[in-house]
Every structure is written in C-alpha cells, then in structure tokens.
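Asker: The structure file start-v9.txt (compact mmCIF, N, CA and C atoms and all ligand atoms) is provided below.
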```txt
# COMPACT_ATOMS: atom_id res chain seq x y z
N MET P 26 77.57 -90.35 -97.87
CA MET P 26 76.79 -91.43 -98.53
C MET P 26 75.39 -90.92 -98.87
N PRO P 27 75.02 -90.96 -100.12
CA PRO P 27 73.65 -90.58 -100.46
C PRO P 27 72.65 -91.61 -99.94
N ALA P 28 71.55 -91.12 -99.43
CA ALA P 28 70.56 -92.03 -98.85
C ALA P 28 69.65 -92.59 -99.94
N VAL P 29 70.20 -93.51 -100.68
CA VAL P 29 69.40 -94.12 -101.75
C VAL P 29 68.75 -95.38 -101.21
N LYS P 30 67.46 -95.40 -101.29
CA LYS P 30 66.74 -96.57 -100.83
C LYS P 30 66.66 -97.58 -101.96
N ARG P 31 67.18 -98.73 -101.69
CA ARG P 31 67.18 -99.74 -102.75
C ARG P 31 65.92 -100.60 -102.67
N ILE P 32 65.12 -100.48 -103.68
CA ILE P 32 63.93 -101.33 -103.76
C ILE P 32 64.33 -102.64 -104.43
N PRO P 33 64.03 -103.76 -103.78
CA PRO P 33 64.40 -105.02 -104.40
C PRO P 33 63.77 -105.16 -105.77
N GLU P 34 64.58 -105.41 -106.75
CA GLU P 34 64.08 -105.48 -108.11
C GLU P 34 63.84 -106.92 -108.52
N ARG P 35 62.66 -107.15 -109.04
CA ARG P 35 62.37 -108.49 -109.53
C ARG P 35 62.34 -108.44 -111.04
N LYS P 36 63.50 -108.62 -111.60
CA LYS P 36 63.63 -108.50 -113.04
C LYS P 36 63.76 -109.89 -113.63
N CYS P 37 62.97 -110.16 -114.63
CA CYS P 37 62.99 -111.48 -115.25
C CYS P 37 64.30 -111.71 -115.99
N CYS P 38 64.91 -112.86 -115.78
CA CYS P 38 66.15 -113.20 -116.48
C CYS P 38 65.89 -113.57 -117.93
N GLY P 39 64.64 -113.76 -118.30
CA GLY P 39 64.32 -114.11 -119.68
C GLY P 39 64.01 -112.89 -120.52
N CYS P 40 62.90 -112.24 -120.20
CA CYS P 40 62.46 -111.11 -121.04
C CYS P 40 63.02 -109.78 -120.57
N GLY P 41 63.56 -109.73 -119.36
CA GLY P 41 64.14 -108.50 -118.86
C GLY P 41 63.15 -107.52 -118.26
N GLU P 42 61.88 -107.90 -118.22
CA GLU P 42 60.86 -107.02 -117.66
C GLU P 42 60.86 -107.15 -116.13
N SER P 43 60.60 -106.04 -115.48
CA SER P 43 60.44 -106.07 -114.04
C SER P 43 58.97 -106.24 -113.71
N GLY P 44 58.70 -106.99 -112.68
CA GLY P 44 57.31 -107.19 -112.33
C GLY P 44 57.16 -107.58 -110.88
N PRO P 45 55.92 -107.75 -110.46
CA PRO P 45 55.69 -108.16 -109.08
C PRO P 45 56.19 -109.58 -108.85
N GLY P 46 56.83 -109.77 -107.71
CA GLY P 46 57.46 -111.05 -107.44
C GLY P 46 56.51 -112.22 -107.34
N LYS P 47 55.25 -111.93 -107.06
CA LYS P 47 54.36 -113.06 -106.78
C LYS P 47 54.12 -113.93 -108.01
N ASP P 48 54.25 -113.36 -109.19
CA ASP P 48 54.04 -114.17 -110.39
C ASP P 48 55.34 -114.71 -110.95
N MET P 49 56.42 -114.52 -110.21
CA MET P 49 57.70 -114.94 -110.73
C MET P 49 58.28 -116.07 -109.90
N ILE P 50 59.16 -116.81 -110.55
CA ILE P 50 59.84 -117.90 -109.86
C ILE P 50 61.17 -117.37 -109.36
N ARG P 51 61.51 -117.69 -108.13
CA ARG P 51 62.80 -117.25 -107.60
C ARG P 51 63.81 -118.39 -107.73
N ILE P 52 64.98 -118.00 -108.15
CA ILE P 52 66.09 -118.94 -108.22
C ILE P 52 67.15 -118.40 -107.28
N VAL P 53 67.74 -119.25 -106.50
CA VAL P 53 68.70 -118.76 -105.52
C VAL P 53 70.01 -119.53 -105.60
N ARG P 54 71.08 -118.80 -105.38
CA ARG P 54 72.38 -119.45 -105.22
C ARG P 54 72.63 -119.57 -103.74
N THR P 55 72.68 -120.78 -103.27
CA THR P 55 72.86 -120.99 -101.83
C THR P 55 74.28 -120.64 -101.42
N PRO P 56 74.48 -120.45 -100.12
CA PRO P 56 75.86 -120.17 -99.65
C PRO P 56 76.83 -121.29 -100.03
N GLU P 57 76.30 -122.48 -100.30
CA GLU P 57 77.17 -123.59 -100.71
C GLU P 57 77.50 -123.53 -102.20
N GLY P 58 76.84 -122.62 -102.92
CA GLY P 58 77.14 -122.46 -104.34
C GLY P 58 76.21 -123.23 -105.26
N ASP P 59 75.19 -123.86 -104.70
CA ASP P 59 74.22 -124.56 -105.53
C ASP P 59 73.19 -123.57 -106.06
N VAL P 60 72.76 -123.78 -107.28
CA VAL P 60 71.71 -122.94 -107.85
C VAL P 60 70.42 -123.75 -107.90
N ILE P 61 69.45 -123.30 -107.15
CA ILE P 61 68.22 -124.08 -107.02
C ILE P 61 66.99 -123.18 -107.17
N VAL P 62 65.86 -123.81 -107.45
CA VAL P 62 64.60 -123.09 -107.49
C VAL P 62 64.10 -122.92 -106.06
N ASP P 63 63.76 -121.70 -105.73
CA ASP P 63 63.31 -121.41 -104.36
C ASP P 63 61.80 -121.24 -104.36
N ASP P 64 61.10 -122.31 -104.03
CA ASP P 64 59.65 -122.24 -104.04
C ASP P 64 59.09 -121.41 -102.88
N THR P 65 59.85 -121.27 -101.83
CA THR P 65 59.36 -120.51 -100.68
C THR P 65 59.62 -119.02 -100.84
N GLY P 66 60.60 -118.66 -101.67
CA GLY P 66 60.97 -117.26 -101.84
C GLY P 66 61.70 -116.71 -100.63
N LYS P 67 62.10 -117.57 -99.72
CA LYS P 67 62.68 -117.10 -98.46
C LYS P 67 64.07 -117.63 -98.19
N LYS P 68 64.58 -118.41 -99.13
CA LYS P 68 65.91 -118.97 -98.88
C LYS P 68 66.97 -117.88 -98.91
N ASN P 69 68.00 -118.10 -98.12
CA ASN P 69 69.11 -117.16 -98.11
C ASN P 69 69.98 -117.36 -99.34
N GLY P 70 70.56 -116.29 -99.78
CA GLY P 70 71.47 -116.38 -100.91
C GLY P 70 71.13 -115.35 -101.95
N ARG P 71 71.96 -115.32 -102.98
CA ARG P 71 71.75 -114.38 -104.05
C ARG P 71 70.59 -114.88 -104.91
N GLY P 72 69.66 -114.02 -105.22
CA GLY P 72 68.47 -114.47 -105.92
C GLY P 72 68.34 -113.91 -107.33
N ALA P 73 67.66 -114.66 -108.16
CA ALA P 73 67.30 -114.20 -109.50
C ALA P 73 65.83 -114.55 -109.71
N TYR P 74 65.20 -113.84 -110.62
CA TYR P 74 63.77 -114.08 -110.83
C TYR P 74 63.51 -114.34 -112.30
N ILE P 75 62.42 -115.08 -112.53
CA ILE P 75 62.02 -115.32 -113.91
C ILE P 75 60.51 -115.45 -113.97
N CYS P 76 59.93 -114.97 -115.06
CA CYS P 76 58.48 -115.10 -115.25
C CYS P 76 58.11 -116.59 -115.30
N ARG P 77 56.87 -116.83 -114.93
CA ARG P 77 56.42 -118.21 -114.92
C ARG P 77 55.91 -118.60 -116.32
N ASN P 78 56.75 -118.47 -117.29
CA ASN P 78 56.33 -118.97 -118.60
C ASN P 78 57.53 -119.50 -119.40
N GLU P 79 57.22 -120.43 -120.27
CA GLU P 79 58.28 -121.19 -120.92
C GLU P 79 59.15 -120.36 -121.84
N SER P 80 58.59 -119.33 -122.45
CA SER P 80 59.42 -118.55 -123.37
C SER P 80 60.51 -117.82 -122.60
N CYS P 81 60.20 -117.37 -121.39
CA CYS P 81 61.23 -116.71 -120.58
C CYS P 81 62.28 -117.71 -120.12
N VAL P 82 61.86 -118.90 -119.77
CA VAL P 82 62.82 -119.93 -119.37
C VAL P 82 63.75 -120.25 -120.54
N ALA P 83 63.17 -120.36 -121.74
CA ALA P 83 63.98 -120.68 -122.92
C ALA P 83 64.97 -119.56 -123.21
N LYS P 84 64.52 -118.31 -123.08
CA LYS P 84 65.42 -117.18 -123.32
C LYS P 84 66.55 -117.15 -122.30
N ALA P 85 66.20 -117.39 -121.06
CA ALA P 85 67.21 -117.37 -120.00
C ALA P 85 68.24 -118.47 -120.21
N GLU P 86 67.76 -119.62 -120.67
CA GLU P 86 68.66 -120.74 -120.90
C GLU P 86 69.63 -120.41 -122.05
N LYS P 87 69.08 -119.84 -123.09
CA LYS P 87 69.88 -119.49 -124.27
C LYS P 87 70.96 -118.46 -123.92
N LYS P 88 70.57 -117.49 -123.11
CA LYS P 88 71.50 -116.40 -122.77
C LYS P 88 72.35 -116.72 -121.55
N ASN P 89 72.00 -117.81 -120.86
CA ASN P 89 72.64 -118.12 -119.58
C ASN P 89 72.53 -116.94 -118.61
N SER P 90 71.41 -116.26 -118.67
CA SER P 90 71.31 -115.04 -117.87
C SER P 90 71.15 -115.32 -116.38
N ILE P 91 70.63 -116.49 -116.05
CA ILE P 91 70.52 -116.82 -114.63
C ILE P 91 71.92 -117.05 -114.06
N GLY P 92 72.71 -117.82 -114.79
CA GLY P 92 74.08 -118.08 -114.35
C GLY P 92 74.90 -116.81 -114.23
N ARG P 93 74.70 -115.91 -115.20
CA ARG P 93 75.46 -114.66 -115.15
C ARG P 93 74.98 -113.78 -114.01
N SER P 94 73.66 -113.78 -113.80
CA SER P 94 73.10 -112.96 -112.73
C SER P 94 73.57 -113.44 -111.37
N LEU P 95 73.65 -114.75 -111.23
CA LEU P 95 74.02 -115.32 -109.93
C LEU P 95 75.51 -115.56 -109.82
N LYS P 96 76.23 -115.33 -110.91
CA LYS P 96 77.67 -115.60 -110.95
C LYS P 96 77.97 -117.03 -110.49
N ALA P 97 77.24 -117.96 -111.09
CA ALA P 97 77.39 -119.36 -110.71
C ALA P 97 77.06 -120.22 -111.92
N ASP P 98 77.47 -121.47 -111.87
CA ASP P 98 77.11 -122.40 -112.93
C ASP P 98 75.69 -122.90 -112.68
N THR P 99 74.90 -122.89 -113.73
CA THR P 99 73.54 -123.39 -113.58
C THR P 99 73.46 -124.81 -114.15
N PRO P 100 73.01 -125.74 -113.34
CA PRO P 100 72.86 -127.11 -113.85
C PRO P 100 71.73 -127.18 -114.86
N GLY P 101 71.84 -128.06 -115.85
CA GLY P 101 70.79 -128.20 -116.85
C GLY P 101 69.45 -128.55 -116.23
N THR P 102 69.51 -129.26 -115.12
CA THR P 102 68.27 -129.66 -114.45
C THR P 102 67.51 -128.45 -113.92
N LEU P 103 68.20 -127.34 -113.72
CA LEU P 103 67.52 -126.14 -113.23
C LEU P 103 66.41 -125.73 -114.19
N TYR P 104 66.72 -125.80 -115.48
CA TYR P 104 65.73 -125.35 -116.46
C TYR P 104 64.55 -126.32 -116.55
N GLU P 105 64.84 -127.60 -116.33
CA GLU P 105 63.75 -128.57 -116.26
C GLU P 105 62.83 -128.24 -115.09
N GLU P 106 63.46 -127.91 -113.97
CA GLU P 106 62.68 -127.56 -112.78
C GLU P 106 61.84 -126.31 -113.05
N LEU P 107 62.41 -125.36 -113.73
CA LEU P 107 61.68 -124.13 -114.03
C LEU P 107 60.51 -124.41 -114.97
N ARG P 108 60.75 -125.25 -115.95
CA ARG P 108 59.67 -125.56 -116.91
C ARG P 108 58.51 -126.25 -116.22
N LYS P 109 58.83 -127.09 -115.26
CA LYS P 109 57.78 -127.79 -114.50
C LYS P 109 56.88 -126.79 -113.80
N ARG P 110 57.43 -125.64 -113.47
CA ARG P 110 56.66 -124.65 -112.70
C ARG P 110 55.95 -123.64 -113.59
N CYS P 111 56.15 -123.76 -114.87
CA CYS P 111 55.48 -122.82 -115.77
C CYS P 111 54.00 -123.15 -115.88
N LYS P 112 53.25 -122.12 -116.14
CA LYS P 112 51.83 -122.31 -116.36
C LYS P 112 51.64 -123.12 -117.63
N GLY P 113 51.01 -124.22 -117.51
CA GLY P 113 50.79 -125.02 -118.71
C GLY P 113 49.35 -124.87 -119.20
N ASP P 114 49.23 -124.50 -120.44
CA ASP P 114 47.89 -124.51 -121.01
C ASP P 114 47.95 -124.66 -122.53
ZN ZN U 201 59.97 -112.81 -118.41
```
Can you present the structure in this file as structure tokens?

Answerer:
Amino acid sequence: MPAVKRIPERKCCGCGESGPGKDMIRIVRTPEGDVIVDDTGKKNGRGAYICRNESCVAKAEKKNSIGRSLKADTPGTLYEELRKRCKGD
C-alpha cells in the first residue's frame, strides 16, 4: 500500500474551485440519508462543500452536483437553506 496522505479536499460543488473550508458551507448526508446544511461542520456523514455565494449555489442546483457528490437526493429546500447562508450585499 502506498502511503498516500489524503488531505481533506474542500471543493466547491458550484464553481469547482478548492478553497479553505472556513469560507465554505458544508452539506452533509446523514447516516439516515438526509441531506442537510451542516452549520457546525462537525456532523457525521459524507460531506460536500460550496462557496458562500449565490452563483455557486445556482450552479450546483443546475448541475445537481451536491446530489451527485453525496450520492443522495437533494431536497429543493436545501438550496433555499444554502441561499439564506450566502453573503448578501
Ligand atoms: Zn464556488
């Protein structure tokens, strides 16, 4: 086995850019199969990340990239929740 150290990647589901997790929103698929916004960043489950801006949320919604990343169905309300967390100005 090659000793490859896996660095957790925080890749945006919208624009595809990798960045520091602190500016990104975490979305998690819980062990029960629900896809929710993880405001604590500490929930167990498979995680996906997205930039905190509306264009990335819109792109992710269009491509269903969160659902594909998490291999789960994403409820429409998820995107509303994400938009609420975007920087508004
Ligand atoms: Zn992005």

Asker: Between P:Asn78, P:Ser94, P:Thr65, P:Thr99, which one has atoms that come closest to ligand ZN 201 (chain U), using only N, CA and C atoms and all ligand atoms?

Answerer: P:Asn78

Asker: Would you be able to write out as a compact mmCIF listing (two decimals) with N, CA and C atoms, in the coordinates of the input which residues have an atom within 8 Å of (56.3, -113.3, -109.1) in the file's coordinates, counting all atoms listed in the file?

Answerer:
```txt
# COMPACT_ATOMS: atom_id res chain seq x y z
N ARG P 35 62.66 -107.15 -109.04
CA ARG P 35 62.37 -108.49 -109.53
C ARG P 35 62.34 -108.44 -111.04
N GLY P 44 58.70 -106.99 -112.68
CA GLY P 44 57.31 -107.19 -112.33
C GLY P 44 57.16 -107.58 -110.88
N PRO P 45 55.92 -107.75 -110.46
CA PRO P 45 55.69 -108.16 -109.08
C PRO P 45 56.19 -109.58 -108.85
N GLY P 46 56.83 -109.77 -107.71
CA GLY P 46 57.46 -111.05 -107.44
C GLY P 46 56.51 -112.22 -107.34
N LYS P 47 55.25 -111.93 -107.06
CA LYS P 47 54.36 -113.06 -106.78
C LYS P 47 54.12 -113.93 -108.01
N ASP P 48 54.25 -113.36 -109.19
CA ASP P 48 54.04 -114.17 -110.39
C ASP P 48 55.34 -114.71 -110.95
N MET P 49 56.42 -114.52 -110.21
CA MET P 49 57.70 -114.94 -110.73
C MET P 49 58.28 -116.07 -109.90
N ILE P 50 59.16 -116.81 -110.55
CA ILE P 50 59.84 -117.90 -109.86
C ILE P 50 61.17 -117.37 -109.36
N ARG P 51 61.51 -117.69 -108.13
CA ARG P 51 62.80 -117.25 -107.60
C ARG P 51 63.81 -118.39 -107.73
N TYR P 74 65.20 -113.84 -110.62
CA TYR P 74 63.77 -114.08 -110.83
C TYR P 74 63.51 -114.34 -112.30
N ILE P 75 62.42 -115.08 -112.53
CA ILE P 75 62.02 -115.32 -113.91
C ILE P 75 60.51 -115.45 -113.97
N CYS P 76 59.93 -114.97 -115.06
CA CYS P 76 58.48 -115.10 -115.25
C CYS P 76 58.11 -116.59 -115.30
N ARG P 77 56.87 -116.83 -114.93
CA ARG P 77 56.42 -118.21 -114.92
C ARG P 77 55.91 -118.60 -116.32
```

Asker: Grab the atom CA of P:Arg54 to atom CA of P:Cys111 distance for me, in Å with one decimal place.

Answerer: 20.2 Å

Asker: In Å, with one decimal, what is the gap from atom C of P:Lys68 to atom CA of P:Pro56?

Answerer: 9.2 Å

Asker: Find the distance between atom CA of P:Tyr104 and atom CA of P:Ala85 and write it in Å to one decimal.

Answerer: 8.9 Å

Asker: Restricting the calculation to all atoms listed in the file: of P:Glu57, P:Glu42, P:Asp64, P:Asp98, which residue gets closest to ligand ZN 201 (chain U)?

Answerer: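 The answer is P:Glu42, which sits nearest to ligand ZN 201 (chain U).
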
Asker: Report as CSV the residues of chain P within 5 Å of ligand ZN 201 (chain U), each with its shortest atom pair and distance in Å (one decimal), using only N, CA and C atoms and all ligand atoms, ordered by chain and increasing residue number.

Answerer:
```
residue,atom,partner,partner_atom,distance
P:Cys37,CA,U:ZN201,ZN,4.6
P:Gly39,C,U:ZN201,ZN,4.6
P:Cys40,N,U:ZN201,ZN,3.5
P:Gly41,N,U:ZN201,ZN,4.8
P:Cys76,N,U:ZN201,ZN,4.0
P:Cys81,CA,U:ZN201,ZN,4.6
```

Asker: Mind the document's chain letters and residue numbers, and return as a list in words the residues of chain P that DSSP labels alpha helix (DSSP H).

Answerer: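 Reading the DSSP output for chain P, alpha helix (DSSP H) covers Glu79, Ser80, Cys81, Val82, Ala83, Lys84, Ala85, Glu86, Lys87, Lys88, Ser90, Ile91, Gly92, Arg93, Ser94, Leu95, Gly101, Thr102, Leu103, Tyr104, Glu105, Glu106, Leu107, Arg108 and Lys109 of chain P.
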
Asker: Choose the residue, out of P:Val29, P:Lys36, P:Ile61, P:Ser43, that has the smallest atom-to-atom separation from P:Thr102; count only C-alpha atoms.

Answerer: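 Of P:Val29, P:Lys36, P:Ile61, P:Ser43, the one nearest P:Thr102 is P:Ile61, counting only C-alpha atoms.
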
Asker: Using DSSP assignments from the backbone, pull out every residue in chain P that falls under strand (DSSP E or B) and give it to me as number ranges by chain.

Answerer: P: 36-37, 43, 49-54, 60-63, 71-76

Asker: Which is closer to P:Ala73 than all the others in P:Pro27, P:Gly58, P:Pro100, P:Gly92, using only C-alpha atoms?

Answerer: P:Gly92

Asker: Rank P:Ile91, P:Val82, P:Cys38, P:Ile52 by their smallest atom-to-atom distance to P:Arg108, using all atoms listed in the file, and report the top residue only.

Answerer: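 Nearest to P:Arg108: P:Val82.
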